[in-house]
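Engineer: What follows is upload.txt; its format and atoms are compact mmCIF, C-alpha atoms (C1' of nucleotides).
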```txt
# COMPACT_ATOMS: atom_id res chain seq x y z
CA MET B 12 10.94 -8.39 -0.03
CA SER B 13 8.65 -8.57 2.93
CA ARG B 14 6.44 -10.47 0.64
CA GLU B 15 5.59 -13.14 3.12
CA ASP B 16 2.61 -14.48 1.32
CA ALA B 17 2.62 -17.64 3.32
CA ALA B 18 -1.10 -17.53 2.91
CA ARG B 19 -2.50 -17.83 -0.51
CA GLY B 20 -3.35 -14.26 0.00
CA ASP B 21 -4.08 -13.59 -3.60
CA GLY B 22 -6.27 -16.58 -3.94
CA THR B 23 -4.41 -18.13 -6.78
CA SER B 24 -1.35 -20.06 -5.85
CA VAL B 25 -0.90 -20.87 -9.48
CA ASP B 26 2.81 -20.42 -9.50
CA SER B 27 3.58 -19.88 -5.88
CA ALA B 28 6.88 -21.56 -5.37
CA ASP B 29 8.37 -19.24 -2.82
CA VAL B 30 7.05 -19.87 0.61
CA VAL B 31 9.82 -20.77 2.98
CA THR B 32 12.19 -18.13 1.81
CA ALA B 33 10.54 -15.52 3.96
CA ASP B 34 11.98 -16.36 7.36
CA SER B 35 15.61 -16.33 6.42
CA ALA B 36 15.07 -13.01 4.79
CA ALA B 37 13.39 -11.66 7.88
CA LEU B 38 16.36 -12.55 10.00
CA ALA B 39 18.88 -11.32 7.53
CA ARG B 40 17.40 -7.88 7.38
CA SER B 41 17.35 -6.66 10.94
CA GLY B 42 18.92 -3.52 9.53
CA PRO B 43 21.73 -1.11 10.24
CA SER B 44 22.82 -0.57 13.81
CA ARG B 45 26.22 1.10 13.64
CA HIS B 46 26.65 4.71 14.56
CA THR B 47 26.97 6.38 11.25
CA TRP B 48 26.28 10.03 10.72
CA GLN B 49 23.56 8.95 8.31
CA ARG B 50 21.74 7.08 11.00
CA LYS B 51 21.92 10.05 13.29
CA ALA B 52 20.81 12.40 10.54
CA VAL B 53 17.76 10.32 9.75
CA LEU B 54 16.77 10.01 13.37
CA ASP B 55 17.33 13.69 14.04
CA GLN B 56 15.33 14.76 11.07
CA LEU B 57 12.59 12.36 11.98
CA ARG B 58 12.47 13.79 15.47
CA GLN B 59 11.98 17.24 14.05
CA CYS B 60 8.81 16.18 12.32
CA ASP B 61 5.70 16.28 14.37
CA ASP B 62 3.77 14.25 11.89
CA PHE B 63 4.28 11.31 9.64
CA VAL B 64 6.81 11.60 6.84
CA SER B 65 7.44 9.33 3.95
CA ALA B 66 10.89 8.00 3.25
CA GLN B 67 11.08 10.12 0.15
CA GLY B 68 9.83 13.09 2.12
CA LEU B 69 12.45 12.69 4.77
CA HIS B 70 15.09 12.28 2.14
CA ARG B 71 14.04 15.51 0.52
CA LEU B 72 13.97 17.28 3.87
CA LEU B 73 17.49 16.15 4.50
CA GLU B 74 18.68 17.25 1.09
CA VAL B 75 17.03 20.60 1.52
CA SER B 76 18.75 21.14 4.83
CA GLY B 77 22.06 20.48 3.16
CA THR B 78 22.51 16.85 4.07
CA SER B 79 23.41 14.76 1.09
CA ILE B 80 22.37 11.21 1.74
CA GLY B 81 21.39 8.23 -0.35
CA LEU B 82 17.73 7.50 -0.70
CA SER B 83 18.27 3.82 -0.11
CA THR B 84 20.05 4.60 3.11
CA VAL B 85 17.07 6.57 4.28
CA TYR B 86 14.84 3.64 3.46
CA ARG B 87 17.13 1.24 5.21
CA GLN B 88 17.43 3.34 8.33
CA LEU B 89 13.76 4.05 8.47
CA ASN B 90 12.88 0.41 8.14
CA SER B 91 15.38 -0.43 10.77
CA LEU B 92 13.93 2.14 13.13
CA ALA B 93 10.45 0.87 12.51
CA GLU B 94 11.48 -2.67 13.11
CA SER B 95 13.19 -1.88 16.36
CA GLY B 96 10.17 0.01 17.55
CA LEU B 97 11.78 3.43 17.49
CA ALA B 98 9.44 4.59 14.81
CA ASP B 99 5.96 3.66 13.91
CA THR B 100 4.40 3.62 10.54
CA ILE B 101 1.11 3.98 8.82
CA ARG B 102 0.14 3.79 5.23
CA LEU B 103 -1.21 6.99 3.80
CA ASN B 104 -1.71 7.78 0.14
CA GLU B 105 -0.16 4.53 -0.95
CA ARG B 106 2.99 5.46 0.85
CA GLN B 107 4.54 4.16 3.99
CA MET B 108 4.91 6.99 6.46
CA PHE B 109 7.16 7.10 9.49
CA ARG B 110 7.18 8.92 12.75
CA VAL B 111 9.29 8.75 15.88
CA CYS B 112 7.72 6.66 18.53
CA GLU B 113 8.42 7.91 22.00
CA ASP B 114 7.25 4.98 24.01
CA GLY B 115 9.00 1.85 22.91
CA GLY B 116 6.48 -0.46 21.41
CA ARG B 117 3.22 0.13 23.20
CA HIS B 118 0.33 -0.62 20.96
CA HIS B 119 -1.44 2.46 19.79
CA HIS B 120 -3.24 4.03 16.88
CA HIS B 121 -3.48 7.38 15.23
CA LEU B 122 -5.93 10.11 14.54
CA VAL B 123 -4.75 11.84 11.41
CA CYS B 124 -5.97 15.04 9.82
CA GLU B 125 -6.31 14.17 6.21
CA ARG B 126 -5.70 17.74 5.18
CA CYS B 127 -2.72 18.95 7.13
CA GLY B 128 -1.39 15.64 8.36
CA LYS B 129 -1.56 16.54 12.03
CA THR B 130 -1.43 13.41 14.10
CA PHE B 131 -2.43 12.28 17.55
CA GLU B 132 -1.95 8.99 19.21
CA ILE B 133 -5.10 7.39 20.46
CA GLU B 134 -5.85 4.43 22.63
CA PRO B 135 -7.42 1.38 21.12
CA PRO B 136 -11.01 0.74 22.02
CA ASP B 137 -11.91 -1.73 24.66
CA ASN B 138 -9.84 -4.83 24.23
CA GLU B 139 -12.81 -6.88 25.17
CA TRP B 140 -14.23 -6.02 21.83
CA PHE B 141 -11.44 -7.78 20.00
CA ALA B 142 -11.72 -10.75 22.28
CA SER B 143 -15.40 -11.12 21.61
CA VAL B 144 -15.00 -10.77 17.88
CA ALA B 145 -12.33 -13.41 17.93
CA ARG B 146 -14.35 -15.74 20.09
CA ARG B 147 -17.36 -15.44 17.88
CA HIS B 148 -15.45 -16.70 14.86
CA GLY B 149 -13.04 -19.04 16.55
CA PHE B 150 -10.11 -16.85 15.71
CA THR B 151 -6.95 -16.11 17.55
CA VAL B 152 -6.27 -12.48 16.93
CA THR B 153 -2.66 -11.70 16.27
CA SER B 154 -2.79 -8.10 15.19
CA HIS B 155 -4.96 -5.37 13.91
CA THR B 156 -4.67 -2.12 12.04
CA MET B 157 -6.64 0.97 12.72
CA GLU B 158 -6.32 4.56 11.71
CA VAL B 159 -8.89 7.25 12.10
CA PHE B 160 -8.99 10.06 9.61
CA GLY B 161 -10.71 13.38 9.84
CA LEU B 162 -10.28 17.09 9.81
CA CYS B 163 -8.76 19.01 12.67
CA SER B 164 -10.60 22.11 13.79
CA GLU B 165 -8.49 24.51 11.74
CA CYS B 166 -8.72 22.52 8.58
CA LEU B 167 -12.42 22.12 9.03
CA ALA B 168 -12.74 25.88 9.22
CA ASP B 169 -10.56 26.32 6.16
CA ALA B 170 -12.53 23.77 4.28
CA GLN B 171 -15.76 25.55 5.01
CA ASP B 172 -14.36 28.91 3.97
CA GLY B 173 -12.67 28.14 0.72
CA GLU B 174 -15.12 25.54 -0.36
CA VAL B 175 -14.26 26.43 -3.95
CA GLY B 176 -12.29 23.30 -4.49
CA ALA B 177 -9.13 25.35 -4.34
CA GLY B 178 -7.69 24.01 -1.16
CA SER B 179 -7.17 20.58 -2.56
CA ASP B 180 -3.58 20.66 -3.59
CA THR B 181 -2.42 23.67 -1.70
CA THR B 182 -2.01 21.96 1.60
CA ARG B 183 -0.26 18.74 1.15
CA SER B 184 2.05 19.22 4.04
CA SER B 185 2.52 15.56 4.59
CA ASP B 186 3.62 15.05 1.07
CA ILE B 187 6.89 16.86 1.28
CA MET S 8 -6.47 10.71 -12.66
CA SER S 9 -6.82 8.39 -9.79
CA ARG S 10 -3.33 9.39 -8.96
CA GLU S 11 -4.60 12.77 -8.04
CA ASP S 12 -7.34 11.87 -5.71
CA ALA S 13 -4.98 9.44 -4.12
CA ALA S 14 -2.41 12.16 -3.77
CA ARG S 15 -4.84 14.49 -2.21
CA GLY S 16 -5.22 12.82 1.09
CA ASP S 17 -8.15 10.58 1.43
CA GLY S 18 -5.75 7.80 2.04
CA THR S 19 -8.30 5.29 3.07
CA SER S 20 -9.22 3.52 -0.06
CA VAL S 21 -12.88 3.32 -0.63
CA ASP S 22 -14.21 3.09 2.82
CA SER S 23 -16.04 6.32 3.41
CA ALA S 24 -13.38 8.83 2.73
CA ASP S 25 -15.60 10.68 0.37
CA VAL S 26 -17.03 13.23 2.67
CA VAL S 27 -18.01 16.35 0.90
CA THR S 28 -15.37 16.05 -1.68
CA ALA S 29 -17.03 13.44 -3.84
CA ASP S 30 -16.47 16.13 -6.40
CA SER S 31 -16.40 16.07 -10.14
CA ALA S 32 -13.19 14.13 -10.20
CA ALA S 33 -14.86 11.24 -8.49
CA LEU S 34 -17.74 11.36 -10.88
CA ALA S 35 -15.53 11.76 -13.89
CA ARG S 36 -13.66 8.55 -13.26
CA SER S 37 -16.47 6.35 -12.18
CA GLY S 38 -15.01 3.87 -14.62
CA PRO S 39 -16.49 1.37 -16.99
CA SER S 40 -20.21 0.86 -16.84
CA ARG S 41 -21.15 -0.73 -20.09
CA HIS S 42 -22.16 -4.36 -20.23
CA THR S 43 -19.14 -6.00 -21.67
CA TRP S 44 -18.40 -9.65 -21.24
CA GLN S 45 -15.25 -8.59 -19.44
CA ARG S 46 -17.19 -6.76 -16.79
CA LYS S 47 -19.38 -9.76 -16.26
CA ALA S 48 -16.41 -12.07 -16.16
CA VAL S 49 -14.67 -10.03 -13.51
CA LEU S 50 -17.76 -9.75 -11.38
CA ASP S 51 -18.58 -13.42 -11.74
CA GLN S 52 -15.12 -14.50 -10.85
CA LEU S 53 -15.09 -12.15 -7.92
CA ARG S 54 -18.35 -13.62 -6.69
CA GLN S 55 -16.85 -17.07 -6.79
CA CYS S 56 -14.18 -16.05 -4.34
CA ASP S 57 -15.11 -16.22 -0.72
CA ASP S 58 -12.13 -14.20 0.30
CA PHE S 59 -10.16 -11.23 -0.84
CA VAL S 60 -8.34 -11.47 -4.15
CA SER S 61 -5.79 -9.18 -5.65
CA ALA S 62 -6.26 -7.78 -9.10
CA GLN S 63 -3.41 -9.87 -10.35
CA GLY S 64 -4.84 -12.86 -8.58
CA LEU S 65 -8.20 -12.43 -10.16
CA HIS S 66 -6.59 -11.97 -13.51
CA ARG S 67 -4.71 -15.21 -13.09
CA LEU S 68 -7.84 -16.99 -11.98
CA LEU S 69 -9.59 -15.81 -15.09
CA GLU S 70 -6.76 -16.85 -17.34
CA VAL S 71 -6.60 -20.24 -15.69
CA SER S 72 -10.28 -20.81 -16.22
CA GLY S 73 -9.81 -20.07 -19.88
CA THR S 74 -10.85 -16.45 -19.96
CA SER S 75 -8.33 -14.31 -21.75
CA ILE S 76 -8.63 -10.79 -20.51
CA GLY S 77 -6.34 -7.81 -20.22
CA LEU S 78 -4.81 -7.13 -16.87
CA SER S 79 -5.56 -3.46 -17.13
CA THR S 80 -9.18 -4.25 -17.75
CA VAL S 81 -9.29 -6.24 -14.57
CA TYR S 82 -7.79 -3.34 -12.70
CA ARG S 83 -10.22 -0.92 -14.24
CA GLN S 84 -13.24 -3.04 -13.52
CA LEU S 85 -12.15 -3.82 -10.01
CA ASN S 86 -11.54 -0.19 -9.24
CA SER S 87 -14.86 0.68 -10.73
CA LEU S 88 -16.62 -1.92 -8.63
CA ALA S 89 -14.89 -0.73 -5.52
CA GLU S 90 -15.80 2.83 -6.21
CA SER S 91 -19.42 2.07 -6.79
CA GLY S 92 -19.59 0.12 -3.57
CA LEU S 93 -20.05 -3.26 -5.18
CA ALA S 94 -16.74 -4.44 -3.86
CA ASP S 95 -14.73 -3.59 -0.85
CA THR S 96 -11.03 -3.57 -0.49
CA ILE S 97 -8.31 -4.00 2.04
CA ARG S 98 -4.59 -3.86 1.77
CA LEU S 99 -2.84 -7.09 2.54
CA ASN S 100 0.80 -7.87 1.88
CA GLU S 101 1.37 -4.63 0.02
CA ARG S 102 -1.40 -5.44 -2.37
CA GLN S 103 -4.87 -4.11 -2.78
CA MET S 104 -7.34 -6.91 -2.37
CA PHE S 105 -10.94 -6.99 -3.53
CA ARG S 106 -14.03 -8.82 -2.50
CA VAL S 107 -17.68 -8.61 -3.47
CA CYS S 108 -19.69 -6.59 -1.06
CA GLU S 109 -23.20 -7.85 -0.64
CA ASP S 110 -24.73 -4.96 1.19
CA GLY S 111 -24.29 -1.81 -0.79
CA GLY S 112 -22.08 0.52 1.15
CA ARG S 113 -22.66 -0.13 4.80
CA HIS S 114 -19.54 0.53 6.74
CA HIS S 115 -17.92 -2.60 8.02
CA HIS S 116 -14.61 -4.20 8.74
CA HIS S 117 -12.96 -7.54 8.37
CA LEU S 118 -11.49 -10.30 10.37
CA VAL S 119 -8.95 -11.99 8.17
CA CYS S 120 -7.04 -15.18 8.73
CA GLU S 121 -3.52 -14.28 7.83
CA ARG S 122 -2.74 -17.82 6.88
CA CYS S 123 -5.57 -19.04 4.73
CA GLY S 124 -7.18 -15.73 3.91
CA LYS S 125 -10.58 -16.66 5.31
CA THR S 126 -12.58 -13.53 5.92
CA PHE S 127 -15.50 -12.45 8.05
CA GLU S 128 -17.23 -9.16 8.23
CA ILE S 129 -17.36 -7.65 11.64
CA GLU S 130 -19.16 -4.71 13.13
CA PRO S 131 -17.21 -1.68 14.19
CA PRO S 132 -16.87 -1.16 17.90
CA ASP S 133 -19.10 1.22 19.71
CA ASN S 134 -19.43 4.35 17.65
CA GLU S 135 -19.31 6.37 20.81
CA TRP S 136 -15.67 5.55 20.96
CA PHE S 137 -14.97 7.38 17.73
CA ALA S 138 -17.03 10.29 18.82
CA SER S 139 -15.16 10.66 22.05
CA VAL S 140 -11.79 10.38 20.40
CA ALA S 141 -12.79 13.05 17.94
CA ARG S 142 -14.18 15.32 20.61
CA ARG S 143 -11.07 15.06 22.69
CA HIS S 144 -8.91 16.37 19.87
CA GLY S 145 -11.34 18.73 18.22
CA PHE S 146 -11.52 16.56 15.15
CA THR S 147 -14.31 15.83 12.77
CA VAL S 148 -13.92 12.22 11.87
CA THR S 149 -14.52 11.47 8.24
CA SER S 150 -13.41 7.89 7.97
CA HIS S 151 -11.43 5.14 9.53
CA THR S 152 -9.76 1.94 8.55
CA MET S 153 -9.64 -1.18 10.58
CA GLU S 154 -8.75 -4.74 9.86
CA VAL S 155 -8.23 -7.46 12.38
CA PHE S 156 -5.82 -10.24 11.57
CA GLY S 157 -5.44 -13.57 13.21
CA LEU S 158 -5.55 -17.28 12.74
CA CYS S 159 -8.71 -19.23 12.24
CA SER S 160 -9.12 -22.36 14.29
CA GLU S 161 -7.90 -24.70 11.57
CA CYS S 162 -4.87 -22.67 10.77
CA LEU S 163 -4.06 -22.33 14.42
CA ALA S 164 -4.08 -26.09 14.72
CA ASP S 165 -1.88 -26.42 11.67
CA ALA S 166 0.50 -23.86 13.00
CA GLN S 167 0.82 -25.69 16.29
CA ASP S 168 1.55 -28.95 14.57
CA GLY S 169 4.34 -27.69 12.42
CA GLU S 170 5.69 -25.50 15.20
CA VAL S 171 9.22 -26.51 14.27
CA GLY S 172 10.72 -23.17 14.99
CA ALA S 173 9.44 -22.20 11.63
CA GLY S 174 8.44 -18.67 11.06
CA SER S 175 4.82 -19.17 12.00
CA ASP S 176 4.81 -15.47 12.73
CA THR S 177 3.80 -14.75 9.24
CA THR S 178 2.95 -11.21 10.14
CA ARG S 179 5.35 -8.50 10.78
CA SER S 180 2.44 -6.32 11.72
CA SER S 181 4.63 -3.28 11.83
CA ASP S 182 1.70 -1.02 11.25
CA ILE S 183 -0.67 -2.40 13.74
C1' DG K 3 -22.65 5.92 -36.19
C1' DT K 4 -20.64 7.51 -31.83
C1' DC K 5 -18.64 6.76 -28.07
C1' DC K 6 -16.84 3.85 -24.41
C1' DC K 7 -14.15 -0.03 -23.23
C1' DT K 8 -10.45 -3.07 -24.19
C1' DG K 9 -5.62 -4.53 -24.68
C1' DC K 10 -1.19 -3.94 -25.28
C1' DA K 11 3.04 -1.93 -24.15
C1' DA K 12 5.18 1.55 -21.78
C1' DA K 13 5.10 4.73 -17.89
C1' DA K 14 4.91 5.92 -13.21
C1' DC K 15 5.90 5.03 -8.54
C1' DA K 16 7.64 3.61 -4.20
C1' DT K 17 10.64 0.48 -2.51
C1' DT K 18 14.37 -2.98 -2.61
C1' DT K 19 18.71 -4.99 -3.91
C1' DG K 20 23.51 -6.16 -6.09
C1' DC K 21 27.84 -4.64 -5.77
C1' DA K 22 32.08 -1.99 -5.27
C1' DC K 23 33.69 1.06 -1.86
C1' DT K 24 34.28 3.30 2.75
C1' DA K 25 34.06 4.07 7.43
C1' DT K 26 33.03 2.06 11.88
C1' DG K 27 34.28 -0.57 15.93
C1' DC E 12 41.49 -5.01 9.88
C1' DA E 13 37.09 -7.22 9.19
C1' DT E 14 32.73 -6.21 7.91
C1' DA E 15 28.53 -3.58 8.28
C1' DG E 16 26.73 0.46 6.14
C1' DT E 17 26.64 3.49 2.14
C1' DG E 18 25.44 5.01 -2.48
C1' DC E 19 24.50 4.40 -6.93
C1' DA E 20 22.09 2.26 -10.56
C1' DA E 21 19.36 -1.26 -11.87
C1' DA E 22 15.67 -4.30 -10.61
C1' DT E 23 11.06 -5.32 -8.71
C1' DG E 24 6.31 -5.39 -8.53
C1' DT E 25 1.99 -3.20 -8.57
C1' DT E 26 -0.90 -0.14 -10.58
C1' DT E 27 -1.92 3.36 -14.14
C1' DT E 28 -2.09 5.39 -18.75
C1' DG E 29 -1.69 6.57 -23.98
C1' DC E 30 -3.47 5.15 -27.91
C1' DA E 31 -5.43 2.47 -31.76
C1' DG E 32 -9.12 -0.36 -32.76
C1' DG E 33 -13.46 -2.98 -31.93
C1' DG E 34 -17.75 -3.61 -29.61
C1' DA E 35 -21.83 -1.63 -27.04
C1' DC E 36 -26.02 1.05 -27.40
```
Now that the file is in, can you turn its structure into structure tokens?
Structural biologist:
Amino acid sequence: MSREDAARGDGTSVDSADVVTADSAALARSGPSRHTWQRKAVLDQLRQCDDFVSAQGLHRLLEVSGTSIGLSTVYRQLNSLAESGLADTIRLNERQMFRVCEDGGRHHHHLVCERCGKTFEIEPPDNEWFASVARRHGFTVTSHTMEVFGLCSECLADAQDGEVGAGSDTTRSSDI
Amino acid sequence: MSREDAARGDGTSVDSADVVTADSAALARSGPSRHTWQRKAVLDQLRQCDDFVSAQGLHRLLEVSGTSIGLSTVYRQLNSLAESGLADTIRLNERQMFRVCEDGGRHHHHLVCERCGKTFEIEPPDNEWFASVARRHGFTVTSHTMEVFGLCSECLADAQDGEVGAGSDTTRSSDI
DNA sequence: GTCCCTGCAAAACATTTGCACTATG
DNA sequence: CATAGTGCAAATGTTTTGCAGGGAC
């Protein structure tokens, strides 16, 4: 679900009948917490990845390394981890990507190489900036998203070498 | 088609992800450009919306106002507009949302009320910040995404009225 | 007249969910 | 043992696409 369109986000509200149903759902789905080998497997595999992985990617990684596990379980565990702050997520290529999050829930952002997927955590810019933006428009800021994309030094070099348009699909590491 | 350039790794919708790679593919799928009444209808309807609308939302708006038009056409036109810089997009509630973009392609961000959808354009923070982040990690920054969510003054007031333990936390900003 | 654009239905896709079953605590 | 977690298949919901036909230029 997670379709908490409380706002008339899509600007229509023509047949929007479901509004209140969101909260109950939110509570109901705090996610798995028992110690199953699946949970451990997902977390272990996630820890082995330096960069962001998609649910499908992680599932495939697990399968490849001989661990047979249900895709839905991977989704459920991953969501659970994200919700409890053990993993953080970004959206890349229309997919939700996960990564272990060492420090509980501190607010941070990512610098992601759009070629090889290498990722670094970065600090948000001056908080004062958000405050001033908010003040200017009479807003109370509740959250923000920010990701910075670019090319790491190696990939930049590669890109300049093989500029023949070849590299495109050869290096989709993050797409496993 | 678009599936490919999405799969490649530019991840960040339209923003400014097209660095050097605004290659043939991009040109090839620039989308509809003829003057059909559908194109006009989509653009007109989009102009009437102050805030972001989803493709489906816009389609419904059109239908409601008596304009029968194919959903796929709406998608195609919207994508075309976004690609040519006439519209900008954000992702809200798992949907891609569109809005007319007055000033060609200048890079900007949005402050969005997560309750009523009200939107303001905001300037990015000090560019020096990006530069320093990039320098520190040896990156060449090609693009970035940023959206700030919050409550506008009216919605904040509303929220405080009906503070009956209701969700009010409409965001699960997991990917802040 | 030649294409491009449209519309429909069907596909593609990632993600979620219903339900019977199993393992955890 | 009770029940939370699993796995499968089916459902969901958004966005794209194949293709035949009609309109734009």
Engineer: What does the distance between atom CA of B:Cys124 and atom CA of S:His116 come to in Å, to one decimal place?
Structural biologist: 21.1 Å
Engineer: Within 7 Å of chain K, which residues of chain S show up when using only C-alpha atoms (C1' of nucleotides), listed as a ChimeraX atom specification?
Structural biologist: /S:39,77,80
Engineer: Find the residues in chain E near chain S: any atom within 10 Å counts, using all atoms listed in the file. Write them as number ranges by chain.
Structural biologist: E: 24-28, 34-36
Engineer: Have a look at atom CA of B:His119 and atom CA of S:Val148 and let me know their distance in Å, one decimal.
Structural biologist: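 Here the two named atoms are 17.7 Å from each other.
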Engineer: Work out where the centre of an axis-aligned box around every listed atom of stretch 10-19 of chain K lies and how long its edges are once 3 Å is added on each side; give both in Å to one decimal as AutoDock Vina command-line options.
Structural biologist:
```
--center_x 8.8 --center_y 0.5 --center_z -13.9 --size_x 25.9 --size_y 16.9 --size_z 28.8
```
Engineer: Considering all atoms listed in the file, can you say which of S:Ser40, S:Thr74, S:Gln45, S:Gln55 comes closest to chain B?
Structural biologist: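 Once distances to chain B are computed over all atoms listed in the file, the minimum belongs to S:Gln55.
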Engineer: From the list S:Ser150, S:Thr96, S:Ser87, S:Gln52, which residue is nearest chain B when using only C-alpha atoms?
Structural biologist: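 Using only C-alpha atoms, the shortest distance to chain B belongs to S:Ser150.
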Engineer: Pick out the closest residue to chain B from this set: S:Arg98, S:Glu130, S:Val119, S:Ser61. Count all atoms listed in the file.
Structural biologist: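 Nearest to chain B: S:Ser61.
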Engineer: Please compute the atom CA of S:Thr149-atom CA of S:Phe137 distance, one decimal, in Å.
Structural biologist: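 These atoms are spaced 10.3 Å apart.
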Engineer: List the spatial neighbours of B:Ala145 as a PyMOL selection string - criterion: any atom at most 10 Å away, only C-alpha atoms (C1' of nucleotides), same-chain residues fewer than 4 positions off excluded.
Structural biologist: (chain B and resi 139-141+149-153) or (chain S and resi 118+129+155-159)
Engineer: Any idea what's packed within 12 Å of B:Ser79, counting all atoms listed in the file, ignoring anything in its chain fewer than 6 positions away? Could you give it as a PyMOL selection string?
Structural biologist: (chain B and resi 48-49+52-53+69-73+85) or (chain E and resi 17-18)
Engineer: Which of these residues is nearest to chain B, using all atoms listed in the file: S:Asn100, S:Ser72, S:Ser139, S:Thr126?
Structural biologist: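 Among the listed residues, the smallest separation from chain B belongs to S:Asn100.
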Engineer: Nearest to chain S: which of B:His118, B:His155, B:Arg58, B:Arg110 is it, counting all atoms listed in the file?
Structural biologist: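 So, comparing all the options, the nearest one is B:His155.
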Engineer: Kindly indicate which residue among S:Glu109, S:Asp165, S:Glu154, S:Asp95 lies nearest to chain B, using all atoms listed in the file for the distances.
Structural biologist: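 Using all atoms listed in the file, the shortest distance to chain B belongs to S:Glu154.
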